[in-house]
>>> print(open('model-v9.cif').read())   # mmCIF, C-alpha atoms
data_entry
loop_
_atom_site.label_atom_id
_atom_site.label_comp_id
_atom_site.auth_asym_id
_atom_site.auth_seq_id
_atom_site.Cartn_x
_atom_site.Cartn_y
_atom_site.Cartn_z
CA MET Y 79 96.59 107.01 135.03
CA GLN Y 80 95.27 104.64 137.67
CA ARG Y 81 92.58 103.40 135.30
CA LEU Y 82 95.26 102.77 132.68
CA TYR Y 83 97.36 100.80 135.17
CA ASP Y 84 94.33 98.74 136.21
CA PHE Y 85 93.52 98.03 132.58
CA LEU Y 86 97.09 96.89 131.88
CA ARG Y 87 97.00 94.58 134.93
CA ARG Y 88 93.76 93.03 133.75
CA HIS Y 89 95.07 92.43 130.21
CA PRO Y 90 98.69 91.26 130.49
CA THR Y 91 98.60 89.44 127.12
CA TRP Y 92 97.75 92.69 125.35
CA VAL Y 93 100.76 94.33 126.96
CA ASP Y 94 103.02 91.45 125.95
CA SER Y 95 101.61 91.53 122.42
CA PHE Y 96 102.44 95.22 122.13
CA TRP Y 97 106.07 94.57 123.08
CA ALA Y 98 106.15 91.58 120.76
CA VAL Y 99 105.10 93.78 117.84
CA ALA Y 100 107.72 96.35 118.82
CA LEU Y 101 110.39 93.64 118.96
CA LEU Y 102 109.32 92.28 115.58
CA GLY Y 103 109.57 95.78 114.07
CA ILE Y 104 113.07 96.32 115.44
CA SER Y 105 114.12 92.87 114.22
CA GLY Y 106 112.70 93.65 110.77
CA VAL Y 107 114.81 96.79 110.53
CA SER Y 108 117.89 94.81 111.57
CA ILE Y 109 117.17 92.09 108.98
CA SER Y 110 116.79 94.73 106.26
CA ASN Y 111 120.22 96.11 107.09
CA VAL Y 112 121.74 92.63 107.03
CA ASN Y 113 120.08 91.92 103.67
CA GLY Y 114 121.77 95.01 102.21
CA ALA Y 115 125.25 93.84 103.24
CA ALA Y 116 126.49 91.12 100.92
CA ASP Y 117 129.35 90.10 103.19
CA GLN Y 118 127.10 89.09 106.06
CA ARG Y 119 127.13 85.42 106.95
CA GLY Y 120 124.22 83.05 107.30
CA SER Y 121 120.92 82.71 105.63
CA VAL Y 122 119.08 86.02 105.77
CA ALA Y 123 115.89 84.23 104.65
CA ALA Y 124 115.88 82.23 107.92
CA ALA Y 125 116.20 85.33 110.09
CA LEU Y 126 112.63 86.53 109.53
CA PRO Y 127 110.89 83.28 110.69
CA ILE Y 128 113.15 83.22 113.76
CA ALA Y 129 112.22 86.85 114.53
CA VAL Y 130 108.52 85.96 114.24
CA ILE Y 131 108.96 82.97 116.58
CA MET Y 132 110.81 85.07 119.15
CA SER Y 133 108.09 87.73 119.01
CA LEU Y 134 105.48 85.03 119.55
CA VAL Y 135 107.44 83.87 122.60
CA VAL Y 136 107.17 87.37 124.08
CA ALA Y 137 103.45 87.64 123.28
CA LEU Y 138 102.46 84.32 124.91
CA ARG Y 139 105.08 84.09 127.66
CA ARG Y 140 102.60 84.48 130.54
CA ARG Y 141 99.90 82.26 129.08
CA MET Y 142 102.14 79.25 128.43
CA PRO Y 143 105.64 79.90 129.81
CA GLU Y 144 106.94 76.31 129.58
CA LYS Y 145 105.88 75.89 125.95
CA MET Y 146 107.30 79.29 124.99
CA LEU Y 147 110.59 78.31 126.65
CA ILE Y 148 110.82 75.18 124.49
CA LEU Y 149 109.94 77.27 121.43
CA ALA Y 150 112.66 79.81 122.26
CA VAL Y 151 115.24 77.03 122.71
CA ALA Y 152 114.24 75.56 119.35
CA ALA Y 153 114.61 78.96 117.70
CA GLY Y 154 118.01 79.43 119.31
CA LEU Y 155 119.23 76.06 118.07
CA ALA Y 156 117.92 76.96 114.61
CA GLN Y 157 120.06 80.11 114.76
CA LEU Y 158 123.13 78.02 115.46
CA VAL Y 159 122.39 75.49 112.72
CA LEU Y 160 121.37 78.04 110.05
CA ASP Y 161 124.17 80.44 110.94
CA VAL Y 162 121.87 83.33 111.84
CA PRO Y 163 123.94 85.58 114.12
CA SER Y 164 122.62 87.27 117.26
CA ALA Y 165 120.01 89.93 116.59
CA PRO Y 166 117.53 92.09 118.55
CA GLU Y 167 114.95 89.26 118.59
CA ASP Y 168 117.27 87.28 120.89
CA PHE Y 169 116.16 89.64 123.67
CA ALA Y 170 113.12 87.33 123.89
CA MET Y 171 115.40 84.69 125.47
CA LEU Y 172 116.06 86.98 128.43
CA VAL Y 173 112.34 87.66 128.76
CA ILE Y 174 111.31 83.99 128.72
CA ILE Y 175 114.07 83.03 131.18
CA TYR Y 176 112.79 85.67 133.60
CA THR Y 177 109.19 84.53 133.07
CA VAL Y 178 109.73 80.82 133.75
CA ALA Y 179 111.93 81.63 136.75
CA ALA Y 180 109.12 83.74 138.20
CA ASP Y 181 105.99 81.84 137.15
CA GLY Y 182 106.91 78.59 135.42
CA ALA Y 183 107.30 75.07 136.68
CA ARG Y 184 110.41 74.21 138.65
CA TRP Y 185 111.83 72.00 135.91
CA ALA Y 186 111.35 74.83 133.41
CA SER Y 187 113.10 77.28 135.73
CA ARG Y 188 116.12 74.98 136.10
CA PHE Y 189 116.18 74.27 132.37
CA ALA Y 190 116.09 78.01 131.63
CA LEU Y 191 119.01 78.61 134.01
CA VAL Y 192 121.15 75.93 132.37
CA GLY Y 193 120.25 77.18 128.88
CA GLY Y 194 120.99 80.78 129.79
CA LEU Y 195 124.40 79.87 131.22
CA CYS Y 196 125.26 77.99 128.02
CA ALA Y 197 123.92 80.58 125.58
CA GLY Y 198 126.86 82.97 125.75
CA THR Y 199 129.44 80.21 125.38
CA LEU Y 200 127.61 78.60 122.44
CA SER Y 201 127.28 81.98 120.73
CA GLN Y 202 131.00 82.69 121.13
CA MET Y 203 131.91 79.22 119.88
CA ARG Y 204 129.64 79.56 116.84
CA TRP Y 205 130.64 83.10 115.97
CA PRO Y 206 134.04 83.65 117.57
CA THR Y 207 135.69 87.06 117.73
CA HIS Y 208 139.12 86.40 116.23
CA GLU Y 209 140.53 89.85 116.93
CA THR Y 210 140.36 89.43 120.73
CA GLY Y 211 142.24 86.16 121.04
CA GLY Y 212 141.43 83.22 123.30
CA LEU Y 213 141.29 85.09 126.59
CA GLY Y 214 139.21 87.84 125.05
CA GLY Y 215 136.77 85.26 123.70
CA VAL Y 216 136.38 83.78 127.20
CA LEU Y 217 135.73 87.22 128.67
CA ILE Y 218 133.19 87.99 125.96
CA ALA Y 219 131.41 84.67 126.63
CA ILE Y 220 131.27 85.48 130.35
CA PHE Y 221 129.99 88.98 129.61
CA GLN Y 222 127.27 87.56 127.37
CA THR Y 223 126.27 85.04 130.05
CA VAL Y 224 125.76 87.68 132.78
CA PRO Y 225 122.42 89.07 131.40
CA PHE Y 226 120.93 85.57 131.26
CA ALA Y 227 122.00 84.86 134.85
CA LEU Y 228 120.62 88.18 136.06
CA ALA Y 229 117.30 87.56 134.30
CA TRP Y 230 116.94 84.20 136.04
CA VAL Y 231 117.96 85.59 139.47
CA LEU Y 232 115.44 88.42 139.13
CA GLY Y 233 112.65 86.03 138.17
CA ASP Y 234 113.47 83.60 140.97
CA SER Y 235 113.52 86.47 143.47
CA ILE Y 236 110.05 87.48 142.32
CA ARG Y 237 108.87 83.87 142.78
CA THR Y 238 110.32 83.74 146.29
CA ARG Y 239 108.71 87.04 147.23
CA ARG Y 240 105.32 85.94 145.93
CA ALA Y 241 105.58 82.66 147.83
CA TYR Y 242 106.47 84.58 150.99
CA LEU Y 243 103.53 86.95 150.57
CA ALA Y 244 101.21 84.03 149.85
CA GLN Y 245 102.44 82.33 153.03
CA LEU Y 246 101.79 85.51 155.02
CA GLU Y 247 98.29 85.75 153.56
CA GLU Y 248 97.61 82.11 154.36
CA ARG Y 249 98.87 82.60 157.89
CA ALA Y 250 96.74 85.71 158.31
CA ALA Y 251 93.69 83.83 157.01
CA ARG Y 252 94.43 80.92 159.36
CA LEU Y 253 94.83 83.28 162.32
CA GLU Y 254 91.57 84.96 161.38
CA LYS Y 255 89.82 81.59 161.34
CA GLU Y 256 91.41 80.71 164.68
CA ARG Y 257 90.21 84.01 166.13
CA GLU Y 258 86.72 83.31 164.85
CA ALA Y 259 86.85 79.82 166.35
CA GLN Y 260 88.08 81.21 169.67
CA ALA Y 261 85.32 83.80 169.59
CA LYS Y 262 82.74 81.05 169.04
CA VAL Y 263 84.23 79.04 171.91
CA ALA Y 264 84.12 82.14 174.11
CA VAL Y 265 80.48 82.73 173.16
CA ALA Y 266 79.64 79.10 173.95
CA ALA Y 267 81.43 79.35 177.29
CA GLU Y 268 79.60 82.58 178.08
CA ARG Y 269 76.26 81.00 177.24
CA ALA Y 270 77.12 78.01 179.44
CA ARG Y 271 77.97 80.42 182.26
CA ILE Y 272 74.66 82.21 181.74
CA ALA Y 273 72.88 78.84 181.85
CA ARG Y 274 74.49 78.15 185.23
CA GLU Y 275 73.45 81.61 186.40
CA LEU Y 276 69.87 80.96 185.30
CA HIS Y 277 69.86 77.64 187.13
CA ASP Y 278 71.05 79.29 190.33
CA VAL Y 279 68.51 82.10 190.08
CA VAL Y 280 65.55 79.89 189.26
CA ALA Y 281 66.40 77.05 191.66
CA HIS Y 282 66.95 79.34 194.63
CA ASN Y 283 64.22 81.92 194.18
CA VAL Y 284 61.53 79.52 193.03
CA SER Y 285 62.21 77.19 195.95
CA VAL Y 286 61.85 80.16 198.33
CA MET Y 287 58.58 81.12 196.68
CA VAL Y 288 57.24 77.56 196.88
CA VAL Y 289 58.09 77.26 200.58
CA GLN Y 290 56.54 80.65 201.35
CA ALA Y 291 53.43 79.83 199.31
CA ASP Y 292 52.96 76.56 201.18
CA GLY Y 293 53.36 78.36 204.49
CA ALA Y 294 50.94 81.10 203.50
CA ALA Y 295 48.32 78.56 202.49
CA TYR Y 296 48.76 76.72 205.78
CA VAL Y 297 48.30 79.79 208.03
CA MET Y 298 45.91 81.75 205.78
CA ASP Y 299 42.94 81.27 208.09
CA THR Y 300 44.63 81.07 211.48
CA ALA Y 301 47.35 83.73 211.12
CA PRO Y 302 46.57 86.27 208.39
CA ASP Y 303 49.54 88.48 209.35
CA GLN Y 304 52.01 85.63 208.79
CA ALA Y 305 50.33 84.80 205.51
CA ARG Y 306 50.59 88.43 204.41
CA LYS Y 307 54.29 88.50 205.32
CA ALA Y 308 54.86 85.30 203.36
CA LEU Y 309 53.12 86.77 200.32
CA GLU Y 310 55.29 89.88 200.57
CA THR Y 311 58.36 87.64 200.63
CA ILE Y 312 57.09 85.80 197.55
CA SER Y 313 56.53 89.13 195.78
CA GLY Y 314 60.01 90.44 196.60
CA THR Y 315 61.67 87.18 195.69
CA GLY Y 316 59.81 87.05 192.39
CA ARG Y 317 60.86 90.60 191.50
CA GLN Y 318 64.47 89.81 192.33
CA ALA Y 319 64.35 86.66 190.20
CA LEU Y 320 62.81 88.54 187.28
CA ALA Y 321 65.47 91.26 187.49
CA GLU Y 322 68.32 88.74 187.41
CA MET Y 323 66.70 86.73 184.63
CA ARG Y 324 66.20 89.87 182.53
CA ARG Y 325 69.88 90.70 182.97
CA LEU Y 326 71.02 87.21 181.99
CA LEU Y 327 68.61 86.78 179.10
CA GLY Y 328 69.52 90.23 177.81
CA VAL Y 329 73.04 88.97 177.18
CA LEU Y 330 71.63 86.22 174.98
CA ARG Y 331 69.67 88.60 172.78
CA THR Y 332 71.12 89.26 169.36
CA GLY Y 333 70.57 92.32 167.22
CA GLU Y 334 69.44 94.46 170.14
CA HIS Y 335 71.43 97.25 171.78
CA GLN Y 336 71.11 97.18 175.53
CA GLU Y 337 71.88 100.14 177.72
CA VAL Y 338 74.45 99.56 180.43
CA GLY Y 339 72.00 100.76 183.04
CA GLU Y 340 69.62 97.88 182.28
CA TYR Y 341 71.98 95.34 183.86
CA VAL Y 342 72.38 94.83 187.57
CA PRO Y 343 75.79 94.08 189.12
CA GLN Y 344 76.89 90.50 189.61
CA PRO Y 345 76.25 89.13 193.12
CA ASP Y 346 79.19 89.27 195.54
CA VAL Y 347 80.00 88.20 199.10
CA GLU Y 348 78.50 91.38 200.51
CA GLN Y 349 75.10 90.19 199.30
CA LEU Y 350 75.40 86.95 201.26
CA ASP Y 351 73.72 88.69 204.19
CA ASP Y 352 70.65 89.36 202.06
CA LEU Y 353 70.69 85.81 200.72
CA ILE Y 354 70.92 84.26 204.18
CA GLU Y 355 68.27 86.59 205.57
CA GLN Y 356 66.00 85.50 202.75
CA CYS Y 357 66.60 81.86 203.72
CA ARG Y 358 65.84 82.63 207.35
CA THR Y 359 62.63 84.36 206.32
CA SER Y 360 61.62 81.27 204.36
CA GLY Y 361 61.99 79.12 207.50
CA LEU Y 362 65.56 77.81 207.25
CA PRO Y 363 67.72 78.76 210.26
CA VAL Y 364 71.18 79.72 209.03
CA ASP Y 365 74.18 80.56 211.20
CA PHE Y 366 76.50 82.91 209.26
CA LYS Y 367 80.01 83.87 210.40
CA VAL Y 368 82.88 85.71 208.74
CA GLU Y 369 86.44 85.04 209.91
CA GLY Y 370 89.51 87.01 209.00
CA THR Y 371 89.82 90.54 207.65
CA ALA Y 372 87.35 91.29 204.90
CA ARG Y 373 88.85 92.93 201.81
CA PRO Y 374 88.01 93.43 198.12
CA LEU Y 375 88.18 90.23 196.06
CA PRO Y 376 88.26 89.51 192.33
CA SER Y 377 84.76 89.56 190.88
CA GLY Y 378 85.07 85.93 189.70
CA VAL Y 379 85.87 84.75 193.23
CA GLU Y 380 83.01 86.75 194.76
CA LEU Y 381 80.48 85.48 192.23
CA THR Y 382 81.67 81.88 192.71
CA ALA Y 383 81.39 82.14 196.50
CA TYR Y 384 77.90 83.61 196.28
CA ARG Y 385 76.63 80.96 193.88
CA ILE Y 386 78.07 78.09 195.92
CA VAL Y 387 76.30 79.32 199.06
CA GLN Y 388 73.11 79.89 197.10
CA GLU Y 389 73.18 76.39 195.58
CA ALA Y 390 74.07 74.73 198.90
CA LEU Y 391 71.28 76.45 200.84
CA THR Y 392 68.80 75.69 198.08
CA ASN Y 393 69.74 72.00 198.29
CA THR Y 394 69.36 72.12 202.08
CA ARG Y 395 65.90 73.62 201.84
CA LYS Y 396 64.89 71.08 199.18
CA HIS Y 397 66.24 67.92 200.75
CA GLY Y 398 67.06 68.72 204.37
CA GLY Y 399 63.66 67.82 205.71
CA PRO Y 400 61.87 69.41 208.68
CA ASN Y 401 63.72 71.12 211.53
CA THR Y 402 66.89 71.45 209.46
CA GLY Y 403 69.51 74.06 210.26
CA ALA Y 404 72.50 75.23 208.26
CA SER Y 405 75.70 77.13 208.87
CA VAL Y 406 77.86 79.20 206.56
CA ARG Y 407 81.50 80.10 207.27
CA LEU Y 408 83.41 82.61 205.19
CA VAL Y 409 87.14 82.71 205.98
CA TYR Y 410 89.56 85.28 204.56
CA PHE Y 411 93.08 83.89 204.21
CA ASP Y 412 96.15 85.79 203.04
CA ASP Y 413 96.11 84.07 199.65
CA GLY Y 414 92.53 82.87 199.29
CA LEU Y 415 88.95 82.67 200.42
CA GLY Y 416 87.62 79.67 202.35
CA LEU Y 417 83.98 78.62 202.28
CA LEU Y 418 82.20 76.03 204.42
CA VAL Y 419 78.47 75.28 204.18
CA GLU Y 420 76.97 72.57 206.40
CA ASP Y 421 73.50 71.37 207.33
CA ASP Y 422 72.15 68.79 209.78
CA GLY Y 423 69.24 67.56 207.71
CA LYS Y 424 68.53 64.13 206.39
CA GLY Y 425 69.92 65.25 203.01
CA ALA Y 426 69.52 63.68 199.59
CA PRO Y 427 71.56 60.93 197.95
CA HIS Y 428 74.98 62.23 196.90
CA GLU Y 429 74.31 61.05 193.34
CA LEU Y 430 71.40 63.48 193.05
CA TYR Y 431 73.67 66.41 193.71
CA GLU Y 432 76.23 65.13 191.22
CA GLU Y 433 73.65 64.50 188.53
CA GLY Y 434 71.15 67.27 188.85
CA GLY Y 435 71.43 69.62 191.77
CA ALA Y 436 68.55 71.02 193.69
CA ASP Y 437 65.87 70.40 191.12
CA GLY Y 438 67.23 67.16 189.77
CA GLN Y 439 67.92 68.73 186.41
CA GLY Y 440 70.36 71.56 187.08
CA HIS Y 441 74.09 71.55 187.62
CA GLY Y 442 74.45 70.63 191.31
CA LEU Y 443 77.98 69.73 192.35
CA ILE Y 444 79.03 69.54 188.70
CA GLY Y 445 78.18 73.21 188.31
CA MET Y 446 79.95 74.04 191.57
CA ARG Y 447 83.09 72.21 190.47
CA GLU Y 448 83.04 74.05 187.14
CA ARG Y 449 82.76 77.39 188.90
CA VAL Y 450 85.53 76.58 191.35
CA GLY Y 451 87.73 75.23 188.56
CA MET Y 452 87.32 78.47 186.61
CA VAL Y 453 89.05 80.39 189.42
CA GLY Y 454 91.62 77.64 190.08
CA GLY Y 455 90.15 76.51 193.38
CA THR Y 456 89.24 73.20 195.00
CA LEU Y 457 85.90 71.80 196.16
CA ASP Y 458 85.12 69.02 198.64
CA ALA Y 459 81.53 67.89 199.11
CA GLY Y 460 79.87 64.93 200.77
CA PRO Y 461 77.75 63.67 203.70
CA ARG Y 462 78.70 64.71 207.22
CA PRO Y 463 79.39 62.15 209.94
CA GLY Y 464 76.20 61.84 211.94
CA GLY Y 465 73.94 63.21 209.19
CA GLY Y 466 73.68 66.21 207.00
CA PHE Y 467 75.79 67.48 204.12
CA ARG Y 468 78.96 69.52 203.92
CA ILE Y 469 80.43 71.62 201.10
CA SER Y 470 83.93 73.04 201.49
CA ALA Y 471 85.66 75.25 198.92
CA LEU Y 472 88.98 77.08 198.74
CA LEU Y 473 89.23 79.87 196.19
CA PRO Y 474 92.79 81.16 195.64
CA LEU Y 475 93.16 84.84 194.86
CA LYS Y 476 96.26 84.72 192.64
CA ALA Y 477 94.84 82.08 190.28
CA ALA Y 478 91.74 84.17 189.84
CA HIS Y 479 93.60 87.11 188.26
#
>>> encode(input="model-v9.cif", output="C-alpha cells")
Amino acid sequence: MQRLYDFLRRHPTWVDSFWAVALLGISGVSISNVNGAADQRGSVAAALPIAVIMSLVVALRRRMPEKMLILAVAAGLAQLVLDVPSAPEDFAMLVIIYTVAADGARWASRFALVGGLCAGTLSQMRWPTHETGGLGGVLIAIFQTVPFALAWVLGDSIRTRRAYLAQLEERAARLEKEREAQAKVAVAAERARIARELHDVVAHNVSVMVVQADGAAYVMDTAPDQARKALETISGTGRQALAEMRRLLGVLRTGEHQEVGEYVPQPDVEQLDDLIEQCRTSGLPVDFKVEGTARPLPSGVELTAYRIVQEALTNTRKHGGPNTGASVRLVYFDDGLGLLVEDDGKGAPHELYEEGGADGQGHGLIGMRERVGMVGGTLDAGPRPGGGFRISALLPLKAAH
C-alpha cells in the first residue's frame, strides 16, 4: 500500500484524471435521464459539452488552477445562459474553488470565494423553487452557498498550514546555518587560542634553551660540570616543549582519532614553581611570593595566570639585559586573583611588546590582553619608575564561570 500511496503522490494528474473520468461518467448518466424526460427545461444538447469542460477542470486543476477556474466560471455562466440546470458535473466548481484557495494565486483565491458565494443565489434566481415561497428560496440559496464557502475555507486553511510549515522549515534551515557558522567561529577561536599557546611554549622554552646553550659553550672548557648541567636543562626543556607542542598540534589534526591519554593537562598556577625554577636555572633570579589563601580556581583563570607569567619572564630574559632580576606576586582575593610581575632590567621599547612580544613576531601584550579579556579581567602594563617593566593583572573569578 505504501508503494501505491507514493505512486499516487508522484502522479497527481493521473489521480485527478481518474476522478474526472468518473465525474464525466456520472454526468453522462444524468444527461441520459434528462434526455428521456420531455418536460425537462433547457437545451440537453448543451449539457454534454459543459460536462466535458467540468471534467477537464478536475483533470487539470493542479497543473493550471487559475486557468481552470476561469474555465469553470465560463461553463457556469453558459449553464445560466443556456438554461442547463445544476447537475453532477457542477461538483467540479467545489473542487476548483478548494484548489485555488489552497494552491492558486491570491487574486484567484479571492475571485473563487466571491464566485462561490454568488453561485447559490444565481442558481436560485435562475431556477427558483416556487413551492417553497420567498423565504424558502432564500434558505435554499443559503444552503447551496454553504458548500462553496466550506470548500474555500478548507483550501485556505491548507494554504495557511503549508505556509506555516514552510516557515518552520526555513527557520530550522536558518538555525542550522547559524549553528554551522557558530561552529566555524568556535573552531577559528580555538585555533587562535592554540596559536597563542604555541607562541608561549616556543618563545619561553626556546629562549631558555638558547640561554643555556650560550652558557654551556662559554664554560665548556673551564667548568665541564656546569656545561653538563646546562645541557641537561636544555634536554629537559626541549622534551617539555615537544610534549606541549604535540598536545597543541594534535588538536589541529583532522581525520585522526586521538586517545585522551595522549594529551597533557593545561598548565595551572601550581606549575608556576616549576616555571620559575626553570628561569632561575637559566640564570634569571626570580623572587616568587603567594599571598592570601590558595584555593582551586577555574581552569581558564589558572591557564591565563600561568601564560602571563611565562610571557613576562620570557620578555625579561630576552630584553632585561645582564644582572636583571624579576619578582612574581600571586595574590588570592575573595573574588579574584591578582598577578604582579616586575623586573629591574633595561627592558625593551613598549611598542615591541605591543607589536610582537618576546620574539618580535608573537602576541606580546596583545596576546596577554586577549587572554585576560577572555576571563573578564583587566591588565595594566608599562615601564616602571626608575627602570624595568611591570605587568599587573586582575582576574575575577565570577566572570570566568
>>> residues_near_point(input="model-v9.cif", point="(109.4, 77.2, 142.2)", cutoff="9 Å", atoms="only C-alpha atoms", output="JSON, numbers by chain")
{"Y": [179, 180, 181, 182, 183, 184, 185, 187, 234, 237, 238, 241]}
>>> resolve_selection(input="model-v9.cif", expression="the PyMOL selection byres ((chain Y and resi 131) around 12)", output="mmCIF file with C-alpha atoms, in the frame of the given file")
data_model
loop_
_atom_site.group_PDB
_atom_site.id
_atom_site.type_symbol
_atom_site.label_atom_id
_atom_site.label_comp_id
_atom_site.auth_asym_id
_atom_site.auth_seq_id
_atom_site.Cartn_x
_atom_site.Cartn_y
_atom_site.Cartn_z
ATOM 1 C CA ALA Y 98 106.150 91.580 120.760
ATOM 2 C CA VAL Y 99 105.100 93.780 117.840
ATOM 3 C CA LEU Y 101 110.390 93.640 118.960
ATOM 4 C CA LEU Y 102 109.320 92.280 115.580
ATOM 5 C CA SER Y 105 114.120 92.870 114.220
ATOM 6 C CA ALA Y 124 115.880 82.230 107.920
ATOM 7 C CA ALA Y 125 116.200 85.330 110.090
ATOM 8 C CA LEU Y 126 112.630 86.530 109.530
ATOM 9 C CA PRO Y 127 110.890 83.280 110.690
ATOM 10 C CA ILE Y 128 113.150 83.220 113.760
ATOM 11 C CA ALA Y 129 112.220 86.850 114.530
ATOM 12 C CA VAL Y 130 108.520 85.960 114.240
ATOM 13 C CA MET Y 132 110.810 85.070 119.150
ATOM 14 C CA SER Y 133 108.090 87.730 119.010
ATOM 15 C CA LEU Y 134 105.480 85.030 119.550
ATOM 16 C CA VAL Y 135 107.440 83.870 122.600
ATOM 17 C CA VAL Y 136 107.170 87.370 124.080
ATOM 18 C CA ALA Y 137 103.450 87.640 123.280
ATOM 19 C CA LEU Y 138 102.460 84.320 124.910
ATOM 20 C CA ARG Y 139 105.080 84.090 127.660
ATOM 21 C CA MET Y 146 107.300 79.290 124.990
ATOM 22 C CA LEU Y 147 110.590 78.310 126.650
ATOM 23 C CA ILE Y 148 110.820 75.180 124.490
ATOM 24 C CA LEU Y 149 109.940 77.270 121.430
ATOM 25 C CA ALA Y 150 112.660 79.810 122.260
ATOM 26 C CA VAL Y 151 115.240 77.030 122.710
ATOM 27 C CA ALA Y 152 114.240 75.560 119.350
ATOM 28 C CA ALA Y 153 114.610 78.960 117.700
ATOM 29 C CA GLY Y 154 118.010 79.430 119.310
ATOM 30 C CA ALA Y 156 117.920 76.960 114.610
ATOM 31 C CA GLN Y 157 120.060 80.110 114.760
ATOM 32 C CA GLU Y 167 114.950 89.260 118.590
ATOM 33 C CA ASP Y 168 117.270 87.280 120.890
ATOM 34 C CA ALA Y 170 113.120 87.330 123.890
ATOM 35 C CA MET Y 171 115.400 84.690 125.470
#
>>> axis_aligned_box(input="model-v9.cif", around="segment 186-204 of chain Y", padding_each_side="3 Å", output="AutoDock Vina command-line options")
--center_x 121.6 --center_y 78.6 --center_z 126.5 --size_x 26.6 --size_y 14.7 --size_z 25.3
>>> atom_distance(input="model-v9.cif", atom1="atom CA of Asp346 of chain Y", atom2="atom CA of Leu417 of chain Y")
13.5 Å
>>> residues_around(input="model-v9.cif", residues="Ser313 of chain Y", least_positions_apart="4", cutoff="12 Å", atoms="only C-alpha atoms", output="PyMOL selection string")
chain Y and resi 283-284+286-288+290-291+306-309+317-320
>>> residues_around(input="model-v9.cif", residues="Trp230 of chain Y", least_positions_apart="5", cutoff="10 Å", atoms="only C-alpha atoms", output="PyMOL selection string")
chain Y and resi 172-180+187-188+190-192+194-195+225+235-236
>>> resolve_selection(input="model-v9.cif", expression="the PyMOL selection byres ((chain Y and resi 450-455) around 12)", output="VMD selection string")
chain Y and resid 267 271 375 to 386 413 to 417 443 to 449 456 to 458 470 to 479
>>> residues_around(input="model-v9.cif", residues="Gly370 of chain Y", least_positions_apart="6", cutoff="8 Å", atoms="only C-alpha atoms", output="PyMOL selection string")
chain Y and resi 409-411
>>> atom_distance(input="model-v9.cif", atom1="atom CA of Pro363 of chain Y", atom2="atom CA of Asp292 of chain Y")
17.5 Å
>>> atom_distance(input="model-v9.cif", atom1="atom CA of Ala197 of chain Y", atom2="atom CA of Gln222 of chain Y")
7.9 Å
>>> closest_residue(input="model-v9.cif", among="Y:Ala294, Y:Ala100, Y:Leu391, Y:Leu158", to="Arg358 of chain Y", atoms="only C-alpha atoms")
Y:Leu391
>>> residues_around(input="model-v9.cif", residues="Gly466 of chain Y", least_positions_apart="5", cutoff="6 Å", atoms="all atoms listed in the file", output="tab-separated table (two decimals) with C-alpha atoms, in the frame of the given file")
chain	number	residue	atom	x	y	z
Y	421	ASP	CA	73.50	71.37	207.33
Y	422	ASP	CA	72.15	68.79	209.78
Y	423	GLY	CA	69.24	67.56	207.71
Y	424	LYS	CA	68.53	64.13	206.39
Y	425	GLY	CA	69.92	65.25	203.01
Y	461	PRO	CA	77.75	63.67	203.70
>>> resolve_selection(input="model-v9.cif", expression="the PyMOL selection byres ((chain Y and resi 199-205) around 7)", output="VMD selection string")
chain Y and resid 158 196 to 198 206 to 207 215 219
>>> closest_residue(input="model-v9.cif", among="Y:Arg373, Y:His89, Y:Arg274, Y:Arg252", to="Glu389 of chain Y", atoms="only C-alpha atoms")
Y:Arg274
>>> closest_residue(input="model-v9.cif", among="Y:Val289, Y:Ala390, Y:Ile312, Y:Leu350", to="Glu420 of chain Y", atoms="all atoms listed in the file")
Y:Ala390
>>> residues_near_point(input="model-v9.cif", point="(62.1, 79.3, 209.1)", cutoff="10 Å", atoms="all atoms listed in the file", output="ChimeraX atom specification")
/Y:289-290,293,356-364,395,400-403
